[in-house]
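Everything below belongs to coords-v2.txt, which stores compact mmCIF, C-alpha atoms.
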```txt
# COMPACT_ATOMS: atom_id res chain seq x y z
CA MET A 225 43.31 -10.26 29.14
CA GLU A 226 40.02 -11.73 27.96
CA TYR A 227 38.21 -9.39 30.35
CA ILE A 228 39.96 -6.34 28.88
CA LEU A 229 38.96 -7.48 25.40
CA MET A 230 35.39 -8.00 26.58
CA ILE A 231 35.24 -4.47 28.03
CA ILE A 232 36.65 -2.87 24.87
CA GLY A 233 34.23 -4.93 22.80
CA ALA A 234 31.22 -3.90 24.87
CA VAL A 235 32.14 -0.21 25.10
CA LEU A 236 33.38 0.55 21.59
CA VAL A 237 32.82 -2.29 19.12
CA ASN A 238 29.30 -3.32 20.11
CA ASN A 239 28.22 0.03 21.52
CA ILE A 240 24.71 -0.50 22.78
CA ILE A 241 23.22 2.64 21.27
CA LEU A 242 25.12 3.18 18.05
CA VAL A 243 25.55 -0.46 17.00
CA GLN A 244 22.88 -2.48 18.82
CA PHE A 245 20.08 0.16 18.76
CA LEU A 246 19.00 -0.31 22.37
CA GLY A 247 18.12 2.59 24.66
CA ILE A 248 17.41 5.06 21.86
CA CYS A 249 14.58 6.77 23.78
CA PRO A 250 16.76 8.22 26.58
CA PHE A 251 19.45 8.82 23.95
CA LEU A 252 17.12 11.17 22.06
CA GLY A 253 15.11 12.34 25.06
CA VAL A 254 17.56 13.46 27.70
CA SER A 255 20.70 14.15 25.71
CA SER A 256 20.25 17.87 25.17
CA LYS A 257 22.69 18.84 27.96
CA VAL A 258 25.97 17.19 28.98
CA ASN A 259 25.15 17.27 32.71
CA THR A 260 21.79 15.52 32.40
CA ALA A 261 23.37 13.00 30.06
CA LEU A 262 25.97 12.17 32.72
CA GLY A 263 23.22 11.75 35.32
CA MET A 264 21.28 9.41 33.05
CA GLY A 265 24.44 7.43 32.33
CA ALA A 266 25.16 6.97 36.03
CA ALA A 267 21.59 5.87 36.78
CA VAL A 268 21.58 3.39 33.90
CA THR A 269 24.96 1.92 34.91
CA PHE A 270 23.70 1.34 38.43
CA VAL A 271 20.38 -0.24 37.44
CA MET A 272 21.78 -2.26 34.55
CA ALA A 273 24.47 -3.91 36.69
CA LEU A 274 21.99 -4.72 39.45
CA ALA A 275 19.28 -5.94 37.05
CA THR A 276 21.64 -8.20 35.11
CA LEU A 277 22.99 -9.67 38.35
CA VAL A 278 19.49 -10.49 39.63
CA THR A 279 18.10 -11.74 36.31
CA SER A 280 21.18 -13.90 35.65
CA LEU A 281 20.80 -15.50 39.08
CA LEU A 282 17.10 -16.10 38.39
CA GLN A 283 17.84 -17.56 34.97
CA LYS A 284 20.49 -19.93 36.38
CA TYR A 285 18.78 -21.09 39.57
CA VAL A 286 15.03 -20.73 38.87
CA LEU A 287 14.04 -20.60 35.20
CA VAL A 288 16.39 -23.23 33.73
CA PRO A 289 16.13 -25.87 36.54
CA LEU A 290 12.33 -25.62 36.55
CA GLY A 291 12.14 -25.60 32.75
CA ILE A 292 10.01 -22.46 32.57
CA THR A 293 12.20 -20.27 30.36
CA TYR A 294 9.11 -19.17 28.41
CA LEU A 295 8.24 -16.98 31.38
CA GLN A 296 11.52 -15.08 30.93
CA THR A 297 10.06 -11.88 29.44
CA ILE A 298 7.35 -11.47 32.08
CA LEU A 299 9.66 -12.31 34.99
CA PHE A 300 12.52 -10.08 33.84
CA ILE A 301 10.40 -6.98 33.25
CA LEU A 302 8.75 -7.42 36.66
CA VAL A 303 12.16 -7.80 38.32
CA ILE A 304 13.47 -4.70 36.58
CA ALA A 305 10.39 -2.61 37.40
CA SER A 306 10.44 -3.57 41.07
CA LEU A 307 14.22 -3.18 41.24
CA VAL A 308 14.00 0.36 39.93
CA GLN A 309 11.31 1.14 42.49
CA MET A 310 13.40 -0.40 45.28
CA VAL A 311 16.56 1.44 44.28
CA GLU A 312 14.58 4.67 44.25
CA ILE A 313 13.23 4.12 47.78
CA MET A 314 16.60 3.01 49.16
CA LEU A 315 18.51 5.83 47.56
CA LYS A 316 16.04 8.33 48.99
CA LYS A 317 16.89 7.08 52.51
CA VAL A 318 20.60 6.27 52.17
CA SER A 319 21.91 9.01 49.95
CA PRO A 320 19.52 11.93 49.42
CA SER A 321 22.15 13.89 47.47
CA LEU A 322 22.64 11.11 44.91
CA TYR A 323 18.87 10.65 44.79
CA ARG A 324 18.40 14.30 43.95
CA ALA A 325 21.14 14.14 41.33
CA LEU A 326 19.56 11.15 39.56
CA GLY A 327 16.04 12.40 40.26
CA VAL A 328 13.68 11.98 37.33
CA PHE A 329 15.95 9.55 35.49
CA LEU A 330 15.36 6.63 37.82
CA PRO A 331 11.68 5.90 37.05
CA LEU A 332 12.39 6.41 33.34
CA ILE A 333 14.78 3.49 33.34
CA THR A 334 11.99 0.92 33.69
CA THR A 335 10.98 1.58 30.11
CA ASN A 336 14.57 1.77 28.92
CA CYS A 337 14.84 -1.16 26.57
CA ALA A 338 18.61 -1.29 27.07
CA VAL A 339 18.22 -2.78 30.56
CA LEU A 340 15.82 -5.56 29.51
CA GLY A 341 17.73 -6.02 26.25
CA VAL A 342 21.04 -6.69 28.01
CA ALA A 343 19.36 -8.95 30.59
CA ILE A 344 17.86 -11.09 27.81
CA ASN A 345 20.96 -10.91 25.60
CA VAL A 346 23.32 -12.33 28.23
CA THR A 347 21.08 -15.39 28.62
CA GLN A 348 21.25 -16.10 24.90
CA GLN A 349 24.96 -15.74 24.20
CA THR A 350 28.19 -16.65 25.96
CA ILE A 351 30.05 -13.51 26.96
CA ILE A 352 33.54 -15.02 26.99
CA ALA A 353 34.18 -18.12 24.89
CA GLY A 354 34.71 -21.21 27.05
CA HIS A 355 33.33 -19.74 30.29
CA GLY A 356 29.73 -20.92 29.89
CA PHE A 357 26.93 -19.13 31.73
CA SER A 358 28.67 -17.13 34.46
CA VAL A 359 26.78 -14.64 36.62
CA ILE A 360 29.95 -12.63 37.33
CA ASP A 361 30.84 -12.37 33.64
CA ASN A 362 27.31 -11.27 32.84
CA THR A 363 27.38 -8.52 35.46
CA LEU A 364 30.79 -7.27 34.29
CA TYR A 365 29.51 -7.27 30.74
CA ALA A 366 26.46 -5.23 31.82
CA VAL A 367 28.72 -2.67 33.52
CA SER A 368 30.87 -2.27 30.40
CA ILE A 369 27.79 -2.00 28.19
CA ALA A 370 26.50 0.74 30.50
CA ILE A 371 29.84 2.57 30.22
CA GLY A 372 29.41 2.44 26.44
CA PHE A 373 25.90 3.85 26.87
CA THR A 374 27.23 6.73 28.98
CA LEU A 375 30.03 7.42 26.50
CA ALA A 376 27.66 7.62 23.53
CA ILE A 377 25.03 9.71 25.31
CA VAL A 378 27.60 12.23 26.63
CA ILE A 379 29.33 12.67 23.25
CA PHE A 380 25.94 13.11 21.63
CA ALA A 381 24.81 15.66 24.22
CA GLY A 382 27.90 17.71 23.46
CA LEU A 383 27.02 17.67 19.77
CA ARG A 384 23.38 18.55 20.40
CA GLU A 385 24.25 21.59 22.46
CA GLN A 386 25.86 22.98 19.31
CA LEU A 387 23.01 21.82 17.04
CA GLU A 388 20.47 24.09 18.71
CA LEU A 389 22.15 27.13 17.19
CA VAL A 390 22.07 25.84 13.61
CA ASP A 391 19.68 27.31 11.05
CA ILE A 392 17.96 24.40 9.28
CA PRO A 393 14.59 23.78 7.50
CA LYS A 394 11.56 23.63 9.81
CA GLY A 395 10.77 19.96 9.20
CA MET A 396 14.34 18.99 10.08
CA LYS A 397 14.36 20.73 13.48
CA GLY A 398 14.53 18.66 16.65
CA VAL A 399 14.62 14.90 16.36
CA PRO A 400 15.28 14.44 12.59
CA ILE A 401 18.53 16.39 12.58
CA ALA A 402 19.53 14.69 15.84
CA LEU A 403 19.03 11.30 14.18
CA ILE A 404 21.15 12.29 11.18
CA THR A 405 23.88 13.50 13.55
CA ALA A 406 23.64 10.18 15.40
CA GLY A 407 24.10 8.46 12.04
CA ILE A 408 27.38 10.27 11.47
CA LEU A 409 28.44 9.44 15.03
CA ALA A 410 27.58 5.78 14.35
CA MET A 411 29.76 5.96 11.25
CA ALA A 412 32.64 7.11 13.44
CA PHE A 413 32.04 4.16 15.78
CA MET A 414 32.17 1.80 12.78
CA GLY A 415 35.88 2.56 12.74
CA PHE A 416 36.19 0.36 15.84
CA ALA A 417 34.53 -2.55 14.04
CA ASN A 418 37.49 -4.94 13.84
CA LEU A 419 39.28 -3.81 16.98
CA VAL A 420 38.65 -6.99 18.98
CA MET B 74 -19.08 7.67 12.44
CA SER B 75 -16.47 10.14 11.22
CA ASN B 76 -15.33 10.34 14.83
CA LYS B 77 -14.64 6.57 14.92
CA LEU B 78 -12.89 6.77 11.57
CA ASN B 79 -10.77 9.59 12.92
CA ILE B 80 -9.66 7.47 15.90
CA LEU B 81 -8.55 4.78 13.47
CA THR B 82 -6.82 6.92 10.87
CA ARG B 83 -5.07 9.58 12.92
CA GLY B 84 -2.34 7.08 13.84
CA PHE B 85 -1.46 6.61 10.16
CA PHE B 86 0.24 9.96 9.54
CA LYS B 87 -1.04 12.87 11.66
CA GLU B 88 -0.12 11.23 14.97
CA ASN B 89 2.15 8.53 13.62
CA PRO B 90 3.75 6.93 16.70
CA ALA B 91 7.23 6.53 15.25
CA LEU B 92 7.55 9.55 12.94
CA ILE B 93 5.61 12.28 14.78
CA LEU B 94 5.41 11.19 18.43
CA VAL B 95 8.92 9.58 18.32
CA LEU B 96 7.95 6.49 20.31
CA GLY B 97 9.40 3.02 19.82
CA CYS B 98 12.60 4.15 18.14
CA CYS B 99 14.69 1.09 19.00
CA PRO B 100 12.81 -1.43 16.83
CA THR B 101 12.33 1.24 14.16
CA LEU B 102 16.09 1.52 13.78
CA ALA B 103 17.04 -2.09 14.39
CA VAL B 104 14.66 -4.21 12.32
CA THR B 105 14.26 -2.05 9.20
CA THR B 106 17.10 -3.64 7.25
CA SER B 107 14.52 -5.16 4.90
CA VAL B 108 10.83 -4.73 4.10
CA ASN B 109 10.03 -8.27 5.22
CA ASN B 110 11.54 -7.72 8.67
CA ALA B 111 9.73 -4.38 8.94
CA LEU B 112 6.39 -6.01 8.07
CA GLY B 113 6.97 -8.82 10.58
CA MET B 114 7.85 -6.41 13.38
CA GLY B 115 4.93 -4.14 12.49
CA ALA B 116 2.49 -7.05 12.55
CA ALA B 117 3.82 -8.33 15.89
CA THR B 118 3.56 -4.87 17.47
CA THR B 119 0.06 -4.35 16.05
CA PHE B 120 -1.02 -7.69 17.52
CA VAL B 121 0.25 -6.71 20.97
CA LEU B 122 -1.15 -3.16 20.76
CA LEU B 123 -4.59 -4.34 19.67
CA LEU B 124 -4.99 -7.06 22.32
CA SER B 125 -3.44 -5.10 25.20
CA ASN B 126 -5.58 -2.06 24.39
CA ILE B 127 -8.75 -4.22 24.36
CA LEU B 128 -7.94 -6.01 27.62
CA ILE B 129 -6.77 -2.90 29.46
CA SER B 130 -9.83 -0.89 28.52
CA ALA B 131 -12.06 -3.83 29.50
CA LEU B 132 -10.34 -4.03 32.89
CA LYS B 133 -9.99 -0.30 33.48
CA ASN B 134 -12.56 -0.27 36.30
CA VAL B 135 -11.01 -3.30 38.02
CA ILE B 136 -7.37 -2.19 38.07
CA PRO B 137 -6.60 0.06 41.08
CA ASN B 138 -5.15 3.36 39.99
CA LYS B 139 -2.03 3.13 42.15
CA VAL B 140 -0.71 -0.13 40.71
CA ARG B 141 -1.91 0.40 37.16
CA ILE B 142 1.53 0.58 35.51
CA PRO B 143 2.71 -2.84 36.83
CA CYS B 144 -0.67 -4.30 35.84
CA TYR B 145 -0.35 -2.90 32.31
CA ILE B 146 3.18 -4.27 32.04
CA VAL B 147 2.09 -7.77 33.06
CA ILE B 148 -0.77 -7.71 30.52
CA ILE B 149 1.53 -6.47 27.77
CA ALA B 150 4.28 -8.97 28.69
CA THR B 151 1.77 -11.83 28.47
CA PHE B 152 0.75 -10.91 24.92
CA VAL B 153 4.39 -10.35 23.95
CA SER B 154 5.32 -13.83 25.21
CA MET B 155 2.41 -15.23 23.18
CA ILE B 156 3.49 -13.60 19.91
CA ASP B 157 7.12 -14.49 20.64
CA LEU B 158 6.25 -18.19 20.94
CA ILE B 159 3.94 -18.04 17.88
CA ILE B 160 6.70 -16.50 15.72
CA GLN B 161 9.29 -18.95 17.05
CA GLY B 162 6.97 -21.84 16.21
CA PHE B 163 5.64 -20.85 12.79
CA LEU B 164 8.18 -18.36 11.37
CA PRO B 165 11.61 -19.43 12.67
CA ALA B 166 13.45 -17.40 10.00
CA LEU B 167 11.68 -14.18 11.05
CA SER B 168 12.32 -15.02 14.71
CA ALA B 169 16.05 -15.37 13.99
CA SER B 170 16.30 -12.05 12.14
CA LEU B 171 14.25 -10.03 14.67
CA GLY B 172 15.99 -11.70 17.63
CA VAL B 173 15.82 -9.87 20.93
CA PHE B 174 13.51 -7.19 19.54
CA ILE B 175 10.41 -9.41 19.80
CA PRO B 176 10.60 -9.75 23.62
CA LEU B 177 11.54 -6.06 23.70
CA ILE B 178 8.05 -5.09 22.47
CA VAL B 179 7.28 -5.16 26.23
CA VAL B 180 9.26 -1.97 26.74
CA ASN B 181 8.16 -0.39 23.46
CA CYS B 182 6.85 2.97 24.65
CA ILE B 183 4.05 2.92 22.04
CA VAL B 184 2.24 0.03 23.74
CA LEU B 185 2.47 1.37 27.28
CA GLY B 186 1.85 4.90 26.00
CA ARG B 187 -1.44 3.98 24.30
CA ALA B 188 -2.52 1.95 27.34
CA GLU B 189 -1.94 4.92 29.62
CA ALA B 190 -3.09 7.70 27.30
CA PHE B 191 -6.05 6.06 25.56
CA ALA B 192 -7.15 2.58 26.66
CA SER B 193 -7.37 3.49 30.34
CA LYS B 194 -9.89 6.26 29.59
CA ASN B 195 -12.00 4.98 26.69
CA ASN B 196 -14.40 2.14 25.91
CA VAL B 197 -13.38 -1.21 24.42
CA PHE B 198 -14.39 -0.51 20.81
CA ASP B 199 -12.61 2.85 20.61
CA SER B 200 -9.52 1.36 22.23
CA MET B 201 -9.54 -1.44 19.68
CA LEU B 202 -9.67 1.11 16.82
CA ASP B 203 -6.93 3.15 18.45
CA GLY B 204 -4.67 0.11 18.90
CA LEU B 205 -5.25 -0.98 15.32
CA GLY B 206 -4.66 2.52 13.92
CA MET B 207 -1.48 3.09 15.90
CA GLY B 208 -0.22 -0.38 14.97
CA ILE B 209 -0.84 0.28 11.28
CA GLY B 210 0.83 3.68 11.56
CA PHE B 211 3.87 2.06 13.16
CA THR B 212 3.94 -0.55 10.39
CA ILE B 213 3.73 2.19 7.72
CA ALA B 214 6.72 3.95 9.29
CA LEU B 215 8.73 0.72 9.52
CA VAL B 216 7.95 -0.28 5.92
CA LEU B 217 8.82 3.20 4.58
CA ILE B 218 12.22 3.15 6.29
CA GLY B 219 12.75 -0.53 5.47
CA ALA B 220 12.00 0.05 1.78
CA VAL B 221 14.51 2.91 1.48
CA ARG B 222 17.19 0.96 3.33
CA GLU B 223 16.64 -2.27 1.42
CA VAL B 224 16.59 -0.63 -2.02
CA LEU B 225 19.68 1.50 -1.38
CA GLY B 226 21.62 -0.94 0.75
CA ALA B 227 20.82 -4.35 -0.72
CA GLY B 228 19.39 -3.39 -4.13
CA SER B 229 16.26 -5.45 -3.56
CA PHE B 230 12.61 -5.05 -2.57
CA MET B 231 10.99 -7.74 -0.39
CA GLY B 232 13.86 -10.06 -1.28
CA PHE B 233 13.57 -9.46 -5.05
CA GLN B 234 17.00 -8.32 -6.31
CA PHE B 235 16.85 -5.72 -9.07
CA ILE B 236 20.14 -3.81 -8.66
CA PRO B 237 23.34 -5.87 -9.07
CA SER B 238 25.19 -6.27 -5.82
CA GLU B 239 28.26 -4.33 -7.08
CA TYR B 240 26.21 -1.11 -7.01
CA ASN B 241 24.78 -1.47 -3.50
CA MET B 242 25.57 1.06 -0.80
CA LEU B 243 26.19 -1.26 2.11
CA ILE B 244 26.20 1.61 4.61
CA PHE B 245 22.39 1.83 4.40
CA VAL B 246 21.82 -1.63 5.86
CA LEU B 247 24.41 -0.97 8.58
CA ALA B 248 23.90 1.08 11.75
CA PRO B 249 24.64 4.61 10.41
CA GLY B 250 22.21 4.14 7.52
CA ALA B 251 19.43 3.35 9.99
CA PHE B 252 19.85 6.66 11.81
CA ILE B 253 20.25 8.72 8.64
CA VAL B 254 17.29 7.21 6.73
CA PHE B 255 15.08 7.45 9.83
CA GLY B 256 16.05 11.12 10.18
CA PHE B 257 15.27 11.97 6.56
CA VAL B 258 11.99 9.99 6.43
CA MET B 259 10.89 11.68 9.68
CA ALA B 260 11.77 15.12 8.31
CA LEU B 261 9.85 14.42 5.08
CA VAL B 262 6.70 13.18 6.82
CA ARG B 263 6.78 16.08 9.29
CA HIS B 264 7.15 18.52 6.41
CA LEU B 265 4.16 16.98 4.56
CA VAL B 266 2.01 16.96 7.71
CA ASN B 267 2.92 20.61 8.34
CA ILE B 268 1.90 21.56 4.79
CA SER B 269 -1.45 19.77 5.01
CA GLU B 270 -2.22 21.38 8.39
CA GLU B 271 -1.42 24.82 6.99
CA ARG B 272 -3.68 24.22 3.98
CA LYS B 273 -6.52 23.21 6.28
CA LYS B 274 -6.04 26.39 8.29
CA LEU B 275 -6.06 28.51 5.13
CA LYS B 276 -9.25 26.82 3.91
CA LYS B 277 -10.93 27.44 7.26
CA ALA B 278 -9.94 31.09 7.20
CA GLU B 279 -11.32 31.44 3.67
CA ASN B 280 -14.61 29.76 4.61
CA ASN B 281 -14.98 32.10 7.56
CA ARG B 282 -14.54 35.13 5.32
CA HIS B 283 -17.42 34.10 2.99
```
Kindly transcribe the structure held in the file into structure tokens.
Amino acid sequence: MEYILMIIGAVLVNNIILVQFLGICPFLGVSSKVNTALGMGAAVTFVMALATLVTSLLQKYVLVPLGITYLQTILFILVIASLVQMVEIMLKKVSPSLYRALGVFLPLITTNCAVLGVAINVTQQTIIAGHGFSVIDNTLYAVSIAIGFTLAIVIFAGLREQLELVDIPKGMKGVPIALITAGILAMAFMGFANLV
Amino acid sequence: MSNKLNILTRGFFKENPALILVLGCCPTLAVTTSVNNALGMGAATTFVLLLSNILISALKNVIPNKVRIPCYIVIIATFVSMIDLIIQGFLPALSASLGVFIPLIVVNCIVLGRAEAFASKNNVFDSMLDGLGMGIGFTIALVLIGAVREVLGAGSFMGFQFIPSEYNMLIFVLAPGAFIVFGFVMALVRHLVNISEERKKLKKAENNRH
């Protein structure tokens, strides 16, 4: 039961884009078509789960025992960057079709603050009250956060496909109107605020 | 001289990183609930931008081209860890309100973007000016958005309350307000920049005619 609550909380209540403001760059950058948005969502889910698993293990068995948690930022970003590179190389060999589908999105994920943000966040807060620091919980949490990311980016892509046809003032075109639309979408997500 | 001045000032409005180039949106949305937070985040980012630009342009002949991105990230992450520890030590209240967004300066696209687009090709002094200008431009954007959100949402400016709390529109300090205010401020600045560019063009055309 507590896991179901955690998933609902991560996907809807604390949606990473619309409530926590992480991963806005891909949200604005690649969300002009529903298909590309789905591809980005899949790539982020994959990398985020893997990155959180590895960084949580590092935090538990290397950084905390050695007392060098101040190196967290440097270590985590290096892990994520090399992980993305590794996933790219492996995917190219193992599953060329998936590699082609994800294509340009994979390298972009290194600079996606959502991945580093979640990796740092799970080391600072307990995911489920009473469980303490659990690598499995952290990874599950990362997967549900990534599902929330995909949900938001796909809904938004659907809206933006319509936005392109709207006649608006020149200064508003492009990103500004997209941001205002995102604001209204965020307002809709506020309705989930007290769900969990 | 005017060339150097141009490097410094173009980041303020004409090539403002947040409002025109749309880089570093996450902190822009997340930490602009008040002017004080916006100033703190702007100063921290400027610090990182300035030092990473200086170091990267100084090392540009040493860093092999193929592994330049990881090298840049390590340099940036080092400065970010420094400012993170400084803020935690001297300004614990600011550290608590900015939270995870201080370590996230590492993945702020402005810093890596300037390293790649400017510092890796120019000399140390120009890179310093560029880092400073872009940092100030980012701070201007943050403070503009922070001021609108704080006045409308909390009825105060830099912590000074001047509208009674019954009349505050709470939505502006919450998530939707961030997106909407950012959108409108961006549209306004883009409109003003467009107008000034058009005026310059008109003036040029007139001068050519005489």
Selected residue of minimal separation from chain A among B:Met201, B:Leu158, B:Ala116, B:Val224, counting all atoms listed in the file: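 Of all the options, B:Leu158 lies closest to chain A.
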Could you tell me how far CA of Lys274 in chain B sits from CA of Ala402 in chain A, in Å to one decimal place?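 Between these atoms lies a distance of 29.1 Å.
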Using only C-alpha atoms, which protein or nucleic acid residues come within 10 Å of Ile93 in chain B? Drop anything in the same chain fewer than 5 positions from it, and give the result as a PyMOL selection string. (chain A and resi 399) or (chain B and resi 84+86-88+259-260+262-263+266)
Identify which of the residues A:Phe245, A:Leu299, A:Arg324, A:Thr350 lies closest to Ala406 in chain A, counting all atoms listed in the file when measuring atom-to-atom distances.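 Using all atoms listed in the file, the shortest distance to Ala406 in chain A belongs to A:Phe245.
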With 10 Å as the limit and counting all atoms listed in the file, what residues in chain A lie close to chain B? Please list them as a ChimeraX atom specification. /A:241-249,252-253,294-302,305-306,334-342,344-345,348,393-414
